[in-house]
>>> print(open('structure_13.txt').read())   # compact mmCIF, C-alpha atoms and all ligand atoms
# COMPACT_ATOMS: atom_id res chain seq x y z
CA MET A 1 23.08 -47.93 -26.98
CA VAL A 2 23.64 -51.00 -24.92
CA ILE A 3 26.66 -53.22 -24.58
CA THR A 4 25.18 -56.68 -24.61
CA GLY A 5 26.30 -59.97 -23.15
CA VAL A 6 24.46 -60.85 -19.99
CA LEU A 7 25.42 -62.86 -16.96
CA ALA A 8 22.45 -65.18 -17.35
CA LEU A 9 24.60 -68.16 -18.32
CA LEU A 10 26.85 -67.60 -15.36
CA LEU A 11 23.95 -67.08 -12.98
CA ALA A 12 22.24 -70.26 -14.13
CA GLY A 13 25.38 -72.37 -14.36
CA CYS A 14 26.76 -72.42 -10.83
CA ALA A 15 25.72 -74.86 -8.19
CA ASP A 16 25.84 -72.73 -5.07
CA GLU A 17 27.80 -75.16 -2.81
CA GLY A 18 26.39 -73.43 0.24
CA TRP A 19 27.36 -69.92 -0.81
CA HIS A 20 24.70 -67.24 -0.71
CA GLY A 21 26.41 -65.55 -3.64
CA LYS A 22 27.92 -67.24 -6.68
CA ASN A 23 31.26 -68.96 -6.51
CA ILE A 24 33.21 -67.78 -9.58
CA THR A 25 36.58 -69.25 -8.62
CA GLY A 26 38.57 -70.12 -11.74
CA LEU A 27 35.98 -68.75 -14.13
CA MET A 28 37.46 -65.34 -14.85
CA GLN A 29 40.75 -63.54 -15.24
CA GLU A 30 42.56 -61.93 -12.33
CA LEU A 31 41.93 -58.27 -11.55
CA GLU A 32 43.77 -55.84 -13.80
CA PHE A 33 43.01 -52.22 -14.61
CA THR A 34 44.26 -48.70 -15.10
CA LEU A 35 41.82 -46.14 -13.72
CA THR A 36 41.67 -42.75 -11.98
CA ASP A 37 40.94 -42.80 -8.27
CA GLU A 38 38.88 -40.34 -6.23
CA ASN A 39 41.99 -38.27 -5.52
CA GLY A 40 42.67 -37.83 -9.23
CA ASN A 41 45.60 -40.26 -9.27
CA THR A 42 46.11 -42.85 -12.00
CA VAL A 43 46.11 -46.24 -10.31
CA THR A 44 46.27 -49.91 -11.21
CA GLU A 45 45.17 -53.05 -9.39
CA GLU A 46 48.32 -52.63 -7.30
CA VAL A 47 46.47 -49.94 -5.34
CA PHE A 48 44.94 -52.81 -3.38
CA ALA A 49 48.45 -53.91 -2.35
CA GLY A 50 47.77 -57.61 -2.19
CA ARG A 51 44.64 -57.34 -0.10
CA PRO A 52 41.19 -58.69 -1.00
CA VAL A 53 38.71 -56.28 -2.52
CA ALA A 54 34.94 -56.16 -2.96
CA MET A 55 34.11 -54.14 -6.09
CA TYR A 56 30.80 -52.70 -7.21
CA PHE A 57 30.11 -51.11 -10.58
CA GLY A 58 27.58 -48.29 -10.70
CA PHE A 59 27.35 -44.53 -10.92
CA THR A 60 26.49 -41.72 -8.54
CA HIS A 61 23.34 -40.68 -10.45
CA CYS A 62 21.77 -43.95 -9.33
CA PRO A 63 20.01 -43.02 -6.10
CA ASP A 64 18.05 -46.21 -5.54
CA ILE A 65 19.88 -49.50 -6.05
CA CYS A 66 23.49 -48.26 -5.88
CA PRO A 67 23.30 -46.75 -2.36
CA THR A 68 21.19 -49.71 -1.21
CA THR A 69 23.82 -52.22 -2.32
CA LEU A 70 26.81 -50.13 -1.20
CA ALA A 71 25.25 -49.55 2.23
CA ARG A 72 24.71 -53.29 2.65
CA LEU A 73 28.30 -53.99 1.62
CA ALA A 74 29.64 -51.36 4.03
CA ALA A 75 27.45 -52.71 6.84
CA ALA A 76 28.57 -56.27 6.09
CA SER A 77 32.25 -55.28 6.14
CA ARG A 78 31.79 -53.62 9.55
CA ARG A 79 30.38 -56.85 10.97
CA LEU A 80 33.34 -59.00 9.89
CA PRO A 81 35.89 -60.22 12.44
CA GLU A 82 38.55 -57.58 12.91
CA SER A 83 41.31 -59.36 10.96
CA VAL A 84 39.10 -59.76 7.90
CA ARG A 85 37.59 -56.31 8.22
CA GLU A 86 41.02 -54.66 8.40
CA ASP A 87 42.13 -56.51 5.28
CA LEU A 88 39.13 -56.08 3.01
CA GLN A 89 39.11 -53.12 0.65
CA LEU A 90 35.90 -51.76 -0.84
CA ALA A 91 35.80 -50.23 -4.30
CA PHE A 92 33.13 -48.39 -6.27
CA VAL A 93 33.81 -48.17 -9.99
CA SER A 94 31.74 -45.52 -11.76
CA VAL A 95 30.86 -46.45 -15.33
CA ASP A 96 29.65 -42.87 -15.86
CA PRO A 97 32.90 -40.87 -16.18
CA ALA A 98 31.10 -37.94 -17.85
CA ARG A 99 29.31 -37.08 -14.59
CA ASP A 100 31.50 -38.72 -11.97
CA GLY A 101 34.72 -36.78 -11.51
CA PRO A 102 37.15 -37.53 -8.66
CA ALA A 103 35.59 -35.00 -6.24
CA GLN A 104 32.08 -36.32 -6.82
CA LEU A 105 33.30 -39.89 -6.35
CA GLY A 106 35.16 -39.07 -3.16
CA GLU A 107 32.15 -37.41 -1.60
CA TYR A 108 29.96 -40.34 -2.61
CA THR A 109 32.15 -43.21 -1.38
CA GLY A 110 32.96 -41.35 1.84
CA ALA A 111 29.28 -41.45 2.76
CA PHE A 112 29.41 -45.26 2.95
CA SER A 113 32.81 -46.13 4.35
CA ASP A 114 36.24 -44.59 4.63
CA ARG A 115 37.52 -47.95 3.38
CA MET A 116 35.75 -47.47 0.05
CA LEU A 117 37.80 -46.23 -2.90
CA GLY A 118 36.07 -44.51 -5.80
CA LEU A 119 37.43 -45.30 -9.26
CA THR A 120 36.57 -44.32 -12.81
CA GLY A 121 38.32 -43.93 -16.13
CA THR A 122 37.94 -43.31 -19.81
CA ARG A 123 35.34 -45.36 -21.66
CA LYS A 124 38.20 -47.45 -23.04
CA GLN A 125 39.77 -48.06 -19.62
CA LEU A 126 36.39 -49.00 -18.18
CA GLN A 127 35.66 -51.39 -21.02
CA ALA A 128 39.02 -53.08 -20.58
CA LEU A 129 38.05 -53.83 -16.98
CA THR A 130 34.37 -54.65 -17.37
CA ARG A 131 35.01 -57.02 -20.29
CA ARG A 132 37.14 -59.24 -18.08
CA TYR A 133 34.14 -59.89 -15.84
CA ARG A 134 31.43 -59.81 -18.50
CA ILE A 135 29.99 -56.79 -16.76
CA THR A 136 27.53 -54.93 -18.91
CA TYR A 137 26.42 -51.36 -18.85
CA GLY A 138 24.70 -49.00 -21.23
CA TYR A 139 23.47 -45.45 -21.54
CA ASP A 140 19.97 -44.25 -22.41
CA GLU A 141 19.28 -41.26 -24.61
CA PRO A 142 19.46 -38.02 -22.58
CA ASP A 143 16.07 -36.37 -21.90
CA ALA A 144 15.20 -32.67 -22.38
CA ASN A 145 17.17 -31.78 -19.21
CA GLY A 146 20.21 -33.72 -20.37
CA ASP A 147 19.54 -36.38 -17.73
CA TYR A 148 20.11 -39.96 -18.77
CA GLU A 149 19.92 -43.37 -17.17
CA VAL A 150 22.71 -45.91 -17.00
CA SER A 151 21.92 -49.59 -16.67
CA HIS A 152 24.61 -51.67 -15.03
CA SER A 153 25.54 -54.98 -13.44
CA SER A 154 24.00 -55.26 -10.02
CA ALA A 155 26.39 -57.72 -8.34
CA ILE A 156 29.42 -57.08 -6.13
CA PHE A 157 32.61 -58.86 -7.30
CA VAL A 158 34.92 -60.15 -4.58
CA PHE A 159 38.60 -60.71 -5.37
CA ASP A 160 40.98 -62.52 -3.00
CA ALA A 161 44.42 -61.26 -1.91
CA GLU A 162 45.94 -62.64 -5.14
CA LEU A 163 43.30 -60.58 -6.97
CA GLU A 164 41.61 -63.71 -8.35
CA PRO A 165 37.84 -63.27 -8.78
CA ARG A 166 36.17 -65.60 -6.29
CA LEU A 167 32.64 -64.57 -5.53
CA MET A 168 29.71 -62.60 -6.87
CA LEU A 169 27.43 -61.14 -4.21
CA LEU A 170 24.09 -60.48 -5.85
CA ASP A 171 22.24 -57.28 -4.95
CA SER A 172 19.41 -59.37 -3.50
CA LEU A 173 21.59 -60.59 -0.61
CA GLU A 174 20.94 -59.22 2.85
CA VAL A 175 23.74 -58.05 5.15
CA PRO A 176 24.01 -61.30 7.23
CA GLN A 177 24.36 -63.36 4.04
CA MET A 178 27.11 -61.07 2.77
CA VAL A 179 28.88 -61.34 6.13
CA GLU A 180 28.73 -65.16 5.99
CA ASP A 181 30.11 -65.35 2.46
CA LEU A 182 32.87 -62.79 3.03
CA ASN A 183 33.91 -64.47 6.25
CA ARG A 184 33.88 -67.91 4.68
CA LEU A 185 36.04 -66.71 1.78
CA LEU A 186 38.44 -64.45 3.63
CA GLY A 187 38.40 -65.56 7.27
CA SER A 188 41.10 -67.85 8.62
CA PRO A 189 40.01 -71.52 8.50
CA MET B 190 -36.18 -7.79 19.22
CA LYS B 191 -37.86 -10.90 17.96
CA LEU B 192 -35.89 -10.69 14.74
CA ALA B 193 -32.63 -10.23 16.64
CA SER B 194 -33.12 -13.32 18.75
CA ALA B 195 -34.15 -15.25 15.64
CA ILE B 196 -30.85 -14.24 13.99
CA VAL B 197 -28.87 -15.22 17.10
CA ALA B 198 -30.66 -18.56 17.17
CA LEU B 199 -29.88 -19.09 13.48
CA VAL B 200 -26.19 -18.23 13.96
CA VAL B 201 -25.94 -20.60 16.92
CA LEU B 202 -27.64 -23.32 14.90
CA LEU B 203 -25.34 -22.79 11.91
CA ALA B 204 -22.26 -22.80 14.10
CA GLY B 205 -23.44 -25.99 15.72
CA ALA B 206 -24.08 -27.56 12.32
CA LEU B 207 -20.63 -26.57 11.10
CA TRP B 208 -19.06 -27.96 14.26
CA TRP B 209 -20.95 -31.21 13.77
CA VAL B 210 -19.88 -31.48 10.10
CA GLY B 211 -16.30 -30.82 11.20
CA GLN B 212 -16.45 -33.64 13.75
CA VAL B 213 -17.82 -36.29 11.43
CA ALA B 214 -15.96 -35.26 8.28
CA PRO B 215 -14.86 -38.47 6.51
CA GLU B 216 -11.22 -39.40 7.00
CA SER B 217 -8.78 -38.22 4.38
CA PRO B 218 -9.15 -40.24 1.15
CA ILE B 219 -5.42 -40.90 1.13
CA GLU B 220 -2.75 -41.25 3.75
CA VAL B 221 1.00 -40.99 3.11
CA GLY B 222 3.28 -42.61 5.65
CA ASN B 223 7.02 -43.07 6.23
CA ALA B 224 7.81 -40.35 3.68
CA ARG B 225 11.58 -39.96 3.46
CA VAL B 226 14.29 -38.75 1.11
CA ARG B 227 17.56 -40.65 1.17
CA LEU B 228 20.39 -38.16 1.12
CA VAL B 229 22.91 -38.75 -1.68
CA PRO B 230 25.99 -36.53 -1.38
CA GLY B 231 27.60 -34.87 -4.37
CA GLY B 232 24.69 -33.03 -5.99
CA GLY B 233 23.26 -36.01 -7.85
CA PRO B 234 19.68 -37.21 -7.75
CA MET B 235 18.13 -38.67 -4.60
CA ALA B 236 15.35 -41.17 -4.05
CA GLY B 237 12.08 -40.53 -2.21
CA TYR B 238 10.25 -43.39 -0.50
CA MET B 239 6.80 -43.60 1.14
CA GLU B 240 3.67 -45.62 1.51
CA ILE B 241 0.45 -44.24 0.02
CA ARG B 242 -2.82 -45.74 1.29
CA ASN B 243 -6.01 -45.26 -0.66
CA HIS B 244 -8.89 -44.98 1.83
CA SER B 245 -11.35 -43.82 -0.82
CA GLU B 246 -13.77 -45.94 -2.77
CA ASP B 247 -12.22 -44.97 -6.08
CA VAL B 248 -9.25 -46.14 -8.06
CA ILE B 249 -6.64 -43.42 -7.78
CA ARG B 250 -3.41 -42.87 -9.62
CA LEU B 251 -0.25 -41.02 -8.62
CA VAL B 252 0.66 -39.28 -11.86
CA GLY B 253 3.44 -36.90 -10.90
CA ALA B 254 5.24 -34.90 -8.27
CA THR B 255 7.05 -31.60 -7.91
CA SER B 256 9.19 -30.10 -5.18
CA PRO B 257 10.69 -26.68 -4.52
CA ALA B 258 13.85 -28.53 -3.42
CA PHE B 259 14.40 -30.33 -6.74
CA GLY B 260 14.42 -29.21 -10.37
CA ASN B 261 12.65 -32.30 -11.64
CA VAL B 262 10.83 -35.24 -10.04
CA MET B 263 9.93 -38.47 -11.80
CA ILE B 264 8.29 -41.74 -10.78
CA HIS B 265 10.74 -44.62 -11.29
CA ARG B 266 10.86 -48.32 -10.67
CA THR B 267 14.17 -50.24 -10.40
CA ILE B 268 14.15 -53.44 -12.40
CA VAL B 269 16.84 -56.11 -11.98
CA SER B 270 16.94 -58.79 -14.64
CA ASP B 271 19.77 -61.08 -15.72
CA GLY B 272 22.06 -59.52 -13.15
CA ARG B 273 21.51 -56.09 -14.62
CA ALA B 274 19.82 -53.13 -12.94
CA ARG B 275 17.99 -50.28 -14.60
CA MET B 276 15.41 -47.67 -13.66
CA GLU B 277 12.16 -47.53 -15.56
CA HIS B 278 10.16 -44.30 -15.81
CA GLN B 279 6.53 -45.01 -14.86
CA SER B 280 4.94 -42.88 -17.57
CA ASP B 281 1.40 -44.03 -16.69
CA GLY B 282 1.94 -43.27 -13.02
CA VAL B 283 1.10 -45.71 -10.23
CA GLN B 284 -2.45 -47.00 -9.78
CA ILE B 285 -3.76 -47.69 -6.28
CA LEU B 286 -7.00 -49.66 -5.87
CA PRO B 287 -9.55 -48.75 -3.17
CA GLY B 288 -8.32 -49.96 0.22
CA ASP B 289 -4.93 -50.79 -1.27
CA SER B 290 -1.57 -49.09 -0.90
CA ALA B 291 1.49 -48.36 -3.02
CA VAL B 292 4.85 -48.85 -1.35
CA PHE B 293 7.81 -46.86 -2.62
CA LYS B 294 10.92 -48.61 -1.25
CA PRO B 295 14.59 -49.28 -2.09
CA ARG B 296 15.21 -51.45 -5.19
CA ASP B 297 11.61 -50.84 -6.25
CA LEU B 298 9.33 -47.84 -6.80
CA HIS B 299 10.90 -44.50 -5.93
CA LEU B 300 10.47 -40.81 -6.56
CA MET B 301 13.52 -39.85 -8.60
CA LEU B 302 14.44 -36.45 -7.20
CA MET B 303 16.71 -34.75 -9.71
CA GLN B 304 18.70 -31.51 -9.68
CA PRO B 305 18.73 -30.74 -5.96
CA ARG B 306 18.50 -26.95 -5.57
CA GLY B 307 20.38 -26.66 -2.31
CA ALA B 308 22.38 -28.68 0.18
CA LEU B 309 20.21 -30.92 2.35
CA GLU B 310 21.03 -32.39 5.72
CA VAL B 311 19.81 -35.44 7.56
CA GLY B 312 16.75 -34.43 9.57
CA ASP B 313 15.62 -31.68 7.17
CA GLN B 314 12.01 -31.64 6.00
CA VAL B 315 11.41 -31.42 2.26
CA GLU B 316 8.02 -30.64 0.77
CA ILE B 317 6.97 -32.73 -2.19
CA MET B 318 3.67 -32.08 -3.93
CA LEU B 319 2.09 -35.36 -5.06
CA ARG B 320 -0.34 -35.10 -7.97
CA PHE B 321 -3.13 -37.65 -8.30
CA GLU B 322 -5.96 -38.56 -10.61
CA GLY B 323 -9.18 -39.87 -9.08
CA ILE B 324 -9.32 -37.72 -5.96
CA ALA B 325 -10.01 -34.08 -5.15
CA PRO B 326 -8.02 -32.06 -4.54
CA ALA B 327 -5.56 -33.51 -7.03
CA GLU B 328 -2.48 -32.10 -5.30
CA TRP B 329 -1.30 -33.26 -1.90
CA PRO B 330 1.69 -31.63 -0.21
CA VAL B 331 3.69 -34.13 1.84
CA ALA B 332 6.61 -33.40 4.19
CA PHE B 333 9.47 -35.85 3.56
CA THR B 334 12.21 -36.31 6.15
CA VAL B 335 15.81 -36.44 4.93
CA VAL B 336 17.45 -39.71 6.09
CA PRO B 337 21.07 -40.96 5.73
CA VAL B 338 22.16 -42.54 2.45
CA THR B 339 22.93 -45.74 4.35
CA SER B 340 19.35 -46.21 5.56
CA GLN B 341 17.47 -49.07 3.92
CU CU C 1 15.40 -43.61 -10.46
>>> encode(input="structure_13.txt", output="structure tokens", more="lines below")
Ligand SMILES: [Cu+2]
Amino acid sequence: MVITGVLALLLAGCADEGWHGKNITGLMQELEFTLTDENGNTVTEEVFAGRPVAMYFGFTHCPDICPTTLARLAAASRRLPESVREDLQLAFVSVDPARDGPAQLGEYTGAFSDRMLGLTGTRKQLQALTRRYRITYGYDEPDANGDYEVSHSSAIFVFDAELEPRLMLLDSLEVPQMVEDLNRLLGSP
Amino acid sequence: MKLASAIVALVVLLAGALWWVGQVAPESPIEVGNARVRLVPGGGPMAGYMEIRNHSEDVIRLVGATSPAFGNVMIHRTIVSDGRARMEHQSDGVQILPGDSAVFKPRDLHLMLMQPRGALEVGDQVEIMLRFEGIAPAEWPVAFTVVPVTSQ
């Protein structure tokens, strides 16, 4: 079962204007969600308290690309000038609520950065969020051990302090490119 | 007496021959380097990375792996297309041509190490038995080093 609707159009459509990632300013709705955080609390977009946020959608049973991307994001955030670094929030949204409870999420995000907040929700809550950004994910059939794969969007979404979606950092970007883009978007001119 | 010295001579000769064979034994048909397991906290699966060199003159194929530290090990490749990532089970294994190597690395080929049986720590050694076709013996135990989740 796969929720279709790919980002191909978006990926092909943007002139890059010098960004390493994709400028998505004005193309999508502002951030809005109701989810459960890694402490078990129900939270909304207000949890980011008017600060910019870099959000990645994945799941903890994804040992290859998810940690690779999250580690790059965490490393990039540590290399930002202090004012930007202090401001920027990191978020990991698990699209696999059946396996990723709050405790699991907390342990996972803590391994990358103490500035990273783990979030998940019901399938309905997750869909309400992912639809806004045309993020796709799907679940394979479980195997004999009950293990199953989840496919998911591989880009990081960056929202500004007004929670407007501004930038997509593709998983192929290296740390210095992420630093440049984040600094250009969030640093003082 | 003659017989005894003949036997001694034979033993010395045999020992020498064995020593000589030992010295010129061909190098191992395969070599596995940079074998590491990236630690993922929380009890979920982890990924194993390495480089396998095929020094033999035959086409070989990594067809499977097992480990006492994990309930199930699979060979996966991460595929990113249209901004979407998924892992593909390599059901035919991974072929390595003579003189060539297979590189298991992040966002690419990896050993999918599922159902960890105990808590691991950075610096631990984990044994993973690699199973091949095309070389003898078919099974090669390799010590993987546990590295931090943030290592690339
Ligand atoms: Cu995998």
>>> residues_near_ligand(input="structure_13.txt", ligand="ligand CU 1 (chain C)", cutoff="6 Å", atoms="all atoms listed in the file", output="list in words")
His265, Met276 and Met301 of chain B
>>> interface_residues(input="structure_13.txt", of="chain A", to="chain B", cutoff="8 Å", atoms="only C-alpha atoms", output="list in words")
Val6, Leu7, Ala8, Leu11, Thr60, His61, Cys62, Pro63, Asp64, Ile65, Pro67, Thr68, Ala71, Arg72, Gln104, Leu105, Glu107, Tyr108, Ala111, Phe112, Thr136, Glu149, Val150, Ser151, His152, Ser153, Ser154, Ala155 and Leu170 of chain A
>>> atom_distance(input="structure_13.txt", atom1="atom CA of A:Asp96", atom2="atom CA of A:Thr109")
14.7 Å
>>> residues_near_point(input="structure_13.txt", point="(37.0, -58.2, 2.9)", cutoff="12 Å", atoms="all atoms listed in the file", output="short mmCIF file (atom, residue, chain, number, x, y, z; two decimals) with C-alpha atoms, keeping the file's coordinate frame")
data_model
loop_
_atom_site.label_atom_id
_atom_site.label_comp_id
_atom_site.auth_asym_id
_atom_site.auth_seq_id
_atom_site.Cartn_x
_atom_site.Cartn_y
_atom_site.Cartn_z
CA PHE A 48 44.94 -52.81 -3.38
CA GLY A 50 47.77 -57.61 -2.19
CA ARG A 51 44.64 -57.34 -0.10
CA PRO A 52 41.19 -58.69 -1.00
CA VAL A 53 38.71 -56.28 -2.52
CA ALA A 54 34.94 -56.16 -2.96
CA MET A 55 34.11 -54.14 -6.09
CA LEU A 73 28.30 -53.99 1.62
CA ALA A 74 29.64 -51.36 4.03
CA ALA A 75 27.45 -52.71 6.84
CA ALA A 76 28.57 -56.27 6.09
CA SER A 77 32.25 -55.28 6.14
CA ARG A 78 31.79 -53.62 9.55
CA ARG A 79 30.38 -56.85 10.97
CA LEU A 80 33.34 -59.00 9.89
CA PRO A 81 35.89 -60.22 12.44
CA GLU A 82 38.55 -57.58 12.91
CA SER A 83 41.31 -59.36 10.96
CA VAL A 84 39.10 -59.76 7.90
CA ARG A 85 37.59 -56.31 8.22
CA GLU A 86 41.02 -54.66 8.40
CA ASP A 87 42.13 -56.51 5.28
CA LEU A 88 39.13 -56.08 3.01
CA GLN A 89 39.11 -53.12 0.65
CA LEU A 90 35.90 -51.76 -0.84
CA ALA A 91 35.80 -50.23 -4.30
CA ARG A 115 37.52 -47.95 3.38
CA MET A 116 35.75 -47.47 0.05
CA ILE A 156 29.42 -57.08 -6.13
CA PHE A 157 32.61 -58.86 -7.30
CA VAL A 158 34.92 -60.15 -4.58
CA PHE A 159 38.60 -60.71 -5.37
CA ASP A 160 40.98 -62.52 -3.00
CA ALA A 161 44.42 -61.26 -1.91
CA LEU A 163 43.30 -60.58 -6.97
CA ARG A 166 36.17 -65.60 -6.29
CA LEU A 167 32.64 -64.57 -5.53
CA MET A 178 27.11 -61.07 2.77
CA VAL A 179 28.88 -61.34 6.13
CA GLU A 180 28.73 -65.16 5.99
CA ASP A 181 30.11 -65.35 2.46
CA LEU A 182 32.87 -62.79 3.03
CA ASN A 183 33.91 -64.47 6.25
CA ARG A 184 33.88 -67.91 4.68
CA LEU A 185 36.04 -66.71 1.78
CA LEU A 186 38.44 -64.45 3.63
CA GLY A 187 38.40 -65.56 7.27
CA SER A 188 41.10 -67.85 8.62
#
>>> residues_around(input="structure_13.txt", residues="stretch 314-331 of chain B", least_positions_apart="4", cutoff="9 Å", atoms="all atoms listed in the file", output="list in words")
Pro218, Ile219, Val221, Ala224, Arg225, Val226, Ser245, Asp247, Val248, Ile249, Arg250, Leu251, Val252, Gly253, Ala254, Thr255, Ser256, Pro257, Ala258, Gly282, Leu309 and Val335 of chain B
>>> atom_distance(input="structure_13.txt", atom1="atom CA of B:Glu216", atom2="atom CA of B:Ser280")
29.6 Å
>>> atom_distance(input="structure_13.txt", atom1="atom CA of B:Val283", atom2="atom CA of B:Glu220")
15.2 Å
>>> closest_residue(input="structure_13.txt", among="B:Val336, B:Val292, B:Ile264, B:Val311", to="B:Met239", atoms="all atoms listed in the file")
B:Val292
>>> decode(input="structure_13.txt", residues="stretch 227-248 of chain B", atoms="N, CA and C atoms", output="PDB file, in the first residue's frame")
ATOM      1  N   ARG B 227      26.885   0.532  12.478  1.00  0.00           N
ATOM      2  CA  ARG B 227      26.530   1.842  13.005  1.00  0.00           C
ATOM      3  C   ARG B 227      25.443   1.652  14.066  1.00  0.00           C
ATOM      4  N   LEU B 228      25.768   2.083  15.261  1.00  0.00           N
ATOM      5  CA  LEU B 228      24.892   1.860  16.410  1.00  0.00           C
ATOM      6  C   LEU B 228      23.630   2.721  16.319  1.00  0.00           C
ATOM      7  N   VAL B 229      22.471   2.075  16.293  1.00  0.00           N
ATOM      8  CA  VAL B 229      21.207   2.815  16.346  1.00  0.00           C
ATOM      9  C   VAL B 229      20.571   2.525  17.697  1.00  0.00           C
ATOM     10  N   PRO B 230      20.334   3.564  18.510  1.00  0.00           N
ATOM     11  CA  PRO B 230      19.750   3.309  19.827  1.00  0.00           C
ATOM     12  C   PRO B 230      18.272   2.951  19.711  1.00  0.00           C
ATOM     13  N   GLY B 231      17.748   2.301  20.719  1.00  0.00           N
ATOM     14  CA  GLY B 231      16.311   2.069  20.784  1.00  0.00           C
ATOM     15  C   GLY B 231      15.868   0.666  20.407  1.00  0.00           C
ATOM     16  N   GLY B 232      16.812  -0.222  20.084  1.00  0.00           N
ATOM     17  CA  GLY B 232      16.434  -1.614  19.821  1.00  0.00           C
ATOM     18  C   GLY B 232      16.012  -1.914  18.394  1.00  0.00           C
ATOM     19  N   GLY B 233      16.061  -0.907  17.532  1.00  0.00           N
ATOM     20  CA  GLY B 233      15.713  -1.123  16.130  1.00  0.00           C
ATOM     21  C   GLY B 233      16.876  -1.704  15.354  1.00  0.00           C
ATOM     22  N   PRO B 234      16.664  -1.931  14.057  1.00  0.00           N
ATOM     23  CA  PRO B 234      17.745  -2.489  13.250  1.00  0.00           C
ATOM     24  C   PRO B 234      18.914  -1.517  13.095  1.00  0.00           C
ATOM     25  N   MET B 235      20.074  -2.079  12.770  1.00  0.00           N
ATOM     26  CA  MET B 235      21.279  -1.279  12.528  1.00  0.00           C
ATOM     27  C   MET B 235      21.789  -1.618  11.135  1.00  0.00           C
ATOM     28  N   ALA B 236      22.742  -0.833  10.662  1.00  0.00           N
ATOM     29  CA  ALA B 236      23.305  -1.088   9.344  1.00  0.00           C
ATOM     30  C   ALA B 236      24.774  -1.469   9.477  1.00  0.00           C
ATOM     31  N   GLY B 237      25.183  -2.471   8.688  1.00  0.00           N
ATOM     32  CA  GLY B 237      26.580  -2.891   8.641  1.00  0.00           C
ATOM     33  C   GLY B 237      27.195  -2.472   7.316  1.00  0.00           C
ATOM     34  N   TYR B 238      28.394  -1.896   7.395  1.00  0.00           N
ATOM     35  CA  TYR B 238      29.092  -1.432   6.193  1.00  0.00           C
ATOM     36  C   TYR B 238      30.467  -2.077   6.111  1.00  0.00           C
ATOM     37  N   MET B 239      30.997  -2.198   4.892  1.00  0.00           N
ATOM     38  CA  MET B 239      32.318  -2.837   4.701  1.00  0.00           C
ATOM     39  C   MET B 239      32.704  -2.720   3.237  1.00  0.00           C
ATOM     40  N   GLU B 240      33.927  -3.123   2.968  1.00  0.00           N
ATOM     41  CA  GLU B 240      34.359  -3.251   1.588  1.00  0.00           C
ATOM     42  C   GLU B 240      34.884  -4.666   1.402  1.00  0.00           C
ATOM     43  N   ILE B 241      34.330  -5.392   0.435  1.00  0.00           N
ATOM     44  CA  ILE B 241      34.771  -6.759   0.157  1.00  0.00           C
ATOM     45  C   ILE B 241      35.557  -6.754  -1.148  1.00  0.00           C
ATOM     46  N   ARG B 242      36.825  -7.187  -1.087  1.00  0.00           N
ATOM     47  CA  ARG B 242      37.639  -7.293  -2.304  1.00  0.00           C
ATOM     48  C   ARG B 242      37.720  -8.748  -2.729  1.00  0.00           C
ATOM     49  N   ASN B 243      37.568  -8.976  -3.996  1.00  0.00           N
ATOM     50  CA  ASN B 243      37.674 -10.326  -4.541  1.00  0.00           C
ATOM     51  C   ASN B 243      39.048 -10.496  -5.189  1.00  0.00           C
ATOM     52  N   HIS B 244      39.953 -11.175  -4.486  1.00  0.00           N
ATOM     53  CA  HIS B 244      41.300 -11.400  -5.020  1.00  0.00           C
ATOM     54  C   HIS B 244      41.376 -12.666  -5.871  1.00  0.00           C
ATOM     55  N   SER B 245      40.291 -13.426  -5.904  1.00  0.00           N
ATOM     56  CA  SER B 245      40.332 -14.705  -6.626  1.00  0.00           C
ATOM     57  C   SER B 245      40.148 -14.475  -8.125  1.00  0.00           C
ATOM     58  N   GLU B 246      40.227 -15.589  -8.860  1.00  0.00           N
ATOM     59  CA  GLU B 246      40.033 -15.465 -10.298  1.00  0.00           C
ATOM     60  C   GLU B 246      38.630 -15.858 -10.704  1.00  0.00           C
ATOM     61  N   ASP B 247      37.760 -15.977  -9.708  1.00  0.00           N
ATOM     62  CA  ASP B 247      36.379 -16.380  -9.999  1.00  0.00           C
ATOM     63  C   ASP B 247      35.405 -15.265  -9.640  1.00  0.00           C
ATOM     64  N   VAL B 248      34.252 -15.333 -10.292  1.00  0.00           N
ATOM     65  CA  VAL B 248      33.157 -14.450  -9.903  1.00  0.00           C
ATOM     66  C   VAL B 248      32.599 -14.986  -8.590  1.00  0.00           C
TER      67      VAL B 248
END
